[in-house]
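Asker: Let me give you the structure first, and then I'll get to my questions.
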Amino acid sequence: MSAAPRRPQRSTPRTSRNGNNRTAARTSAHSIDRVALLAHQLRTPLSAINALAQGLIRRADRLNPKDIRAKAEKIWRASLRLDELIETILSYTRATAGGIVLNPSEFNLEELIRRACREQGGLEPDRPFRLQIRGLPEIVIGDPILLEQALVIVVSNAMKYSWPDQPIEVSTRRRGSMIRIVVKDRGLGIPERDLPFIKQPFFRAQNVRKLPGTGLGLSLAWYILKLHGGDLEIESQEGHGTKITMIVPETNTVGLSYSI
Ligand SMILES: Nc1ncnc2c1ncn2[C@@H]1O[C@H](COP(=O)(O)OP(=O)(O)O)[C@@H](O)[C@H]1O
Ligand SMILES: [Mg+2]
């Protein structure tokens with residue numbers, strides 16, 4: 001991940017007598033900001049669970065089974081969001097400590113893609129999901145758990161950053177020994193000026209600030225693909241949509257070493 005372009009620093013470290021202290025203070029303030037951001041993101045789904053559960057308790061006698069089901073589903077979705085956030089934060093922490101290693105095995109990539117899309121699509125039953133899976137070998141060698149995590153990150157972004165009635169298209173292609181998994185949405189898109197920084201941990205584009213998120217998912221997905229000897233390509237047009245291509249080698253048994 002060290003190859004991600006960094007947004008230029010506004011000022012260089014000061015060289016005055018207290019320069020080191022000031023730099024350290026700034027770094028520590030920056031870390032605190034990040035911890036605060038993560039805590040805030042965790043609190044959002046937790047508050048929803050709290051409010052919905054209290055509503056259920058208070059009004060249990062007056063609610064019909066349909067209402068109870070609707071509220072329970074909302075609680076379930078918020079708990080999934082919380083779980084996903086915690087998983088991303090833990091994986092990111094492991095990745096920064098160099099603690100994610102490939103555990104390669106043979107697996108069927110088509111099954112993996114179909115399962116991940118079915119599970120994500122199940123969270124928004126009215127969302128059109130178009131799958132066009134072709135050109136895949138019977139067996140791929142890689143880490144199926146990590147690759148599924150990367151795919152879920154990319155697909156859930158496509159869902160989060162587009163309206164629920166807009167389709168998500170997932171397709172595959174093969175170029176030589178490389179497999180390309182393409183996830184396309186017709187959502188908010190990424191502003192051109194933010195695009196060069198979008199794989200950086202904690203970076204979020206200007207146009208999504210009102211939506212929840214940590215800015216860790218995409219950098220983690222990129223990291224997972226790099227570990228496989230693959231890559232993550234992003235094309236996007238603000239207001240029109242985003243196309244993310246996951247490039248996965250057909251066989252990878254030796255993990256490369258990368259650090260965020
Ligand atoms: N499909 C997409 N459409 C629009 N913007 C996206 C999409 N995927 C990622 N992004 C942008 O990239 C940023 C980083 O993504 P990610 O690391 O998953 O963080 P977040 O927690 O904000 O979703 C997002 O905040 C958003 O600005
Ligand atoms: Mg995300």
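We label chains A, B, ... in the order they appear in the structure tokens, count residues from 1 in each chain, and number ligands from 1 in the order shown.
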List every residue of stretch 143-181 of chain A that DSSP, applied to the backbone of this structure, assigns to strand (DSSP E), and report them as a list of chain:residue names.

Answerer: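 Matching residues, listed in order: A:Ile168, A:Glu169, A:Val170, A:Ser171, A:Thr172, A:Arg173, A:Arg174, A:Arg175, A:Met178, A:Ile179, A:Arg180, A:Ile181.
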
Asker: Around ligand 1, out to 7 Å and counting only C-alpha atoms and all ligand atoms, which residues are there? I want them as a VMD selection string.

Answerer: chain A and resid 153 to 154 157 to 158 161 to 162 185 187 to 190 198 to 199 201 to 208 212 to 219 241 to 242

Asker: Write the selection just made, keeping N, CA and C atoms, as a compact mmCIF listing (two decimals), in the first residue's frame?

Answerer:
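Result file is selection32.txt:
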# COMPACT_ATOMS: atom_id res chain seq x y z
N ILE A 153 -16.38 -5.72 -0.05
CA ILE A 153 -16.09 -4.29 0.15
C ILE A 153 -16.49 -3.50 -1.10
N VAL A 154 -16.07 -4.02 -2.26
CA VAL A 154 -16.32 -3.29 -3.51
C VAL A 154 -17.83 -3.26 -3.84
N ASN A 157 -19.75 -1.02 -1.44
CA ASN A 157 -19.57 0.39 -1.80
C ASN A 157 -20.49 0.77 -2.96
N ALA A 158 -20.53 -0.11 -3.96
CA ALA A 158 -21.39 0.17 -5.13
C ALA A 158 -22.83 0.36 -4.68
N TYR A 161 -23.15 3.75 -2.41
CA TYR A 161 -22.99 5.02 -3.10
C TYR A 161 -23.85 5.13 -4.36
N SER A 162 -24.95 4.34 -4.42
CA SER A 162 -25.91 4.53 -5.52
C SER A 162 -27.31 4.34 -4.96
N ASP A 185 -21.45 0.54 -10.95
CA ASP A 185 -22.69 1.11 -10.42
C ASP A 185 -23.00 2.41 -11.15
N GLY A 187 -23.97 5.31 -9.61
CA GLY A 187 -24.21 6.11 -8.41
C GLY A 187 -23.55 7.47 -8.44
N LEU A 188 -23.12 7.89 -7.25
CA LEU A 188 -22.58 9.23 -7.04
C LEU A 188 -21.30 9.50 -7.82
N GLY A 189 -20.52 8.45 -8.02
CA GLY A 189 -19.21 8.62 -8.65
C GLY A 189 -18.23 9.30 -7.72
N ILE A 190 -16.98 9.40 -8.17
CA ILE A 190 -15.92 9.99 -7.34
C ILE A 190 -15.41 11.25 -8.05
N ILE A 198 -7.92 7.98 -3.56
CA ILE A 198 -9.06 7.22 -3.06
C ILE A 198 -8.66 5.87 -2.42
N LYS A 199 -7.47 5.34 -2.77
CA LYS A 199 -7.06 4.07 -2.16
C LYS A 199 -6.32 4.27 -0.85
N PRO A 201 -5.70 4.81 3.01
CA PRO A 201 -6.51 4.55 4.19
C PRO A 201 -7.09 5.84 4.77
N PHE A 202 -8.30 5.80 5.21
CA PHE A 202 -9.04 6.90 5.84
C PHE A 202 -9.49 7.99 4.85
N PHE A 203 -9.08 7.89 3.59
CA PHE A 203 -9.48 8.94 2.65
C PHE A 203 -10.92 8.71 2.17
N ARG A 204 -11.74 9.75 2.21
CA ARG A 204 -13.11 9.68 1.71
C ARG A 204 -13.34 10.88 0.80
N ALA A 205 -14.06 10.67 -0.30
CA ALA A 205 -14.27 11.77 -1.25
C ALA A 205 -15.20 12.82 -0.64
N GLN A 206 -15.08 14.03 -1.18
CA GLN A 206 -15.89 15.16 -0.69
C GLN A 206 -17.39 14.89 -0.77
N ASN A 207 -17.82 14.18 -1.82
CA ASN A 207 -19.26 14.04 -2.06
C ASN A 207 -19.94 12.95 -1.23
N VAL A 208 -19.19 12.28 -0.33
CA VAL A 208 -19.84 11.22 0.48
C VAL A 208 -19.80 11.55 1.97
N PRO A 212 -22.22 7.39 6.09
CA PRO A 212 -21.26 6.80 7.03
C PRO A 212 -20.14 6.07 6.32
N GLY A 213 -18.99 5.96 6.95
CA GLY A 213 -17.88 5.22 6.35
C GLY A 213 -16.58 5.57 7.04
N THR A 214 -15.59 4.70 6.89
CA THR A 214 -14.30 4.90 7.56
C THR A 214 -13.18 5.26 6.58
N GLY A 215 -13.41 4.95 5.30
CA GLY A 215 -12.34 5.15 4.32
C GLY A 215 -11.28 4.04 4.39
N LEU A 216 -11.61 2.93 5.04
CA LEU A 216 -10.63 1.86 5.17
C LEU A 216 -10.87 0.70 4.19
N GLY A 217 -12.12 0.59 3.71
CA GLY A 217 -12.48 -0.60 2.93
C GLY A 217 -11.69 -0.75 1.65
N LEU A 218 -11.66 0.33 0.85
CA LEU A 218 -11.03 0.23 -0.46
C LEU A 218 -9.53 -0.03 -0.33
N SER A 219 -8.90 0.61 0.66
CA SER A 219 -7.45 0.39 0.83
C SER A 219 -7.21 -1.07 1.24
N GLY A 241 -21.31 7.41 -12.10
CA GLY A 241 -21.10 6.07 -11.58
C GLY A 241 -19.64 5.67 -11.52
N THR A 242 -19.44 4.46 -11.03
CA THR A 242 -18.09 4.00 -10.75
C THR A 242 -17.91 2.57 -11.27

Asker: So that I can check the surroundings of A:Leu112, please list as a ChimeraX atom specification every protein, DNA and RNA residue that reaches within 8 Å of it, counting only C-alpha atoms and ignoring chain neighbours fewer than 3 positions away.

Answerer: /A:108-109,115-116,144,148

Asker: I'd like the contact shell of stretch 121-129 of chain A - 12 Å cut-off, only C-alpha atoms, skipping same-chain residues fewer than 6 positions apart - returned as a PyMOL selection string.

Answerer: chain A and resi 73-74+76-78+80-81+113-115+152+155-156+158-160+162-171+183-186

Asker: Could you tell me how far atom CA of A:Pro191 sits from atom CA of A:Gly239, in Å to one decimal place?

Answerer: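 Answer for the atom CA of A:Gly239 to atom CA of A:Pro191 separation: 8.5 Å.
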
Asker: Using only C-alpha atoms and all ligand atoms, which of the listed residues (A:Glu87, A:Asp67, A:Glu192, A:Glu111) sits closest to ligand 2?

Answerer: A:Glu87

Asker: Hey, can you check how far atom CA of A:Lys71 sits from atom CA of A:Lys210?

Answerer: 23.9 Å

Asker: Using only C-alpha atoms, which of A:His240, A:Ala72, A:Met246, A:Ala150 sits nearest A:Ile57?

Answerer: A:Ala72

Asker: With only C-alpha atoms as the atoms that count, which of A:Leu38, A:Leu136, A:Ile75, A:Ala29 lies nearest to A:Leu90?

Answerer: A:Leu38

Asker: Quick one, how far is atom CA of A:Pro249 from atom CA of A:Met178?

Answerer: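 Distance between the two atoms: 4.5 Å.
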
Asker: I need the residue nearest ligand 2 from this list: A:Ser31, A:Ser105, A:Gln149, A:Ser47. Use only C-alpha atoms and all ligand atoms for the distance.

Answerer: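 Nearest to ligand 2: A:Gln149.
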
Asker: Please provide as a ChimeraX atom specification all residues within 8 Å of A:Val248, with the sequence filter that same-chain residues fewer than 5 positions apart are discarded (counting only C-alpha atoms).

Answerer: /A:178-181,225,228-231

Asker: Only N, CA and C atoms, please: the residues just picked out, written as a compact mmCIF listing (two decimals), in the first residue's frame.

Answerer:
# COMPACT_ATOMS: atom_id res chain seq x y z
N MET A 178 -4.60 -13.52 -16.00
CA MET A 178 -5.25 -12.62 -15.04
C MET A 178 -6.77 -12.63 -15.22
N ILE A 179 -7.47 -12.67 -14.10
CA ILE A 179 -8.93 -12.59 -14.14
C ILE A 179 -9.34 -11.19 -13.72
N ARG A 180 -10.29 -10.63 -14.43
CA ARG A 180 -10.78 -9.29 -14.08
C ARG A 180 -12.23 -9.40 -13.61
N ILE A 181 -12.46 -8.97 -12.39
CA ILE A 181 -13.83 -8.93 -11.86
C ILE A 181 -14.24 -7.46 -11.84
N LEU A 225 -5.66 -7.56 -2.87
CA LEU A 225 -5.34 -7.90 -4.26
C LEU A 225 -3.85 -7.83 -4.51
N HIS A 228 -2.11 -10.80 -3.49
CA HIS A 228 -2.30 -11.89 -4.45
C HIS A 228 -1.47 -11.69 -5.72
N GLY A 229 -0.78 -10.57 -5.81
CA GLY A 229 -0.06 -10.28 -7.05
C GLY A 229 -1.01 -9.66 -8.08
N GLY A 230 -2.14 -9.17 -7.64
CA GLY A 230 -3.12 -8.55 -8.54
C GLY A 230 -3.17 -7.05 -8.32
N ASP A 231 -4.31 -6.45 -8.60
CA ASP A 231 -4.43 -4.99 -8.47
C ASP A 231 -5.90 -4.59 -8.41

Asker: DSSP on the backbone, alpha helix (DSSP H) only: what residues of stretch 44-257 of chain A does that give? Format it as a PyMOL selection string.

Answerer: chain A and resi 44-59+65-96+109-123+144-160+217-227

Asker: Given the choices A:Thr93, A:Thr172, A:Gln54, A:Gln41, which gets closest to ligand 2 if the distance is worked out from only C-alpha atoms and all ligand atoms?

Answerer: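 That would be A:Gln41, the residue with the smallest distance to ligand 2.
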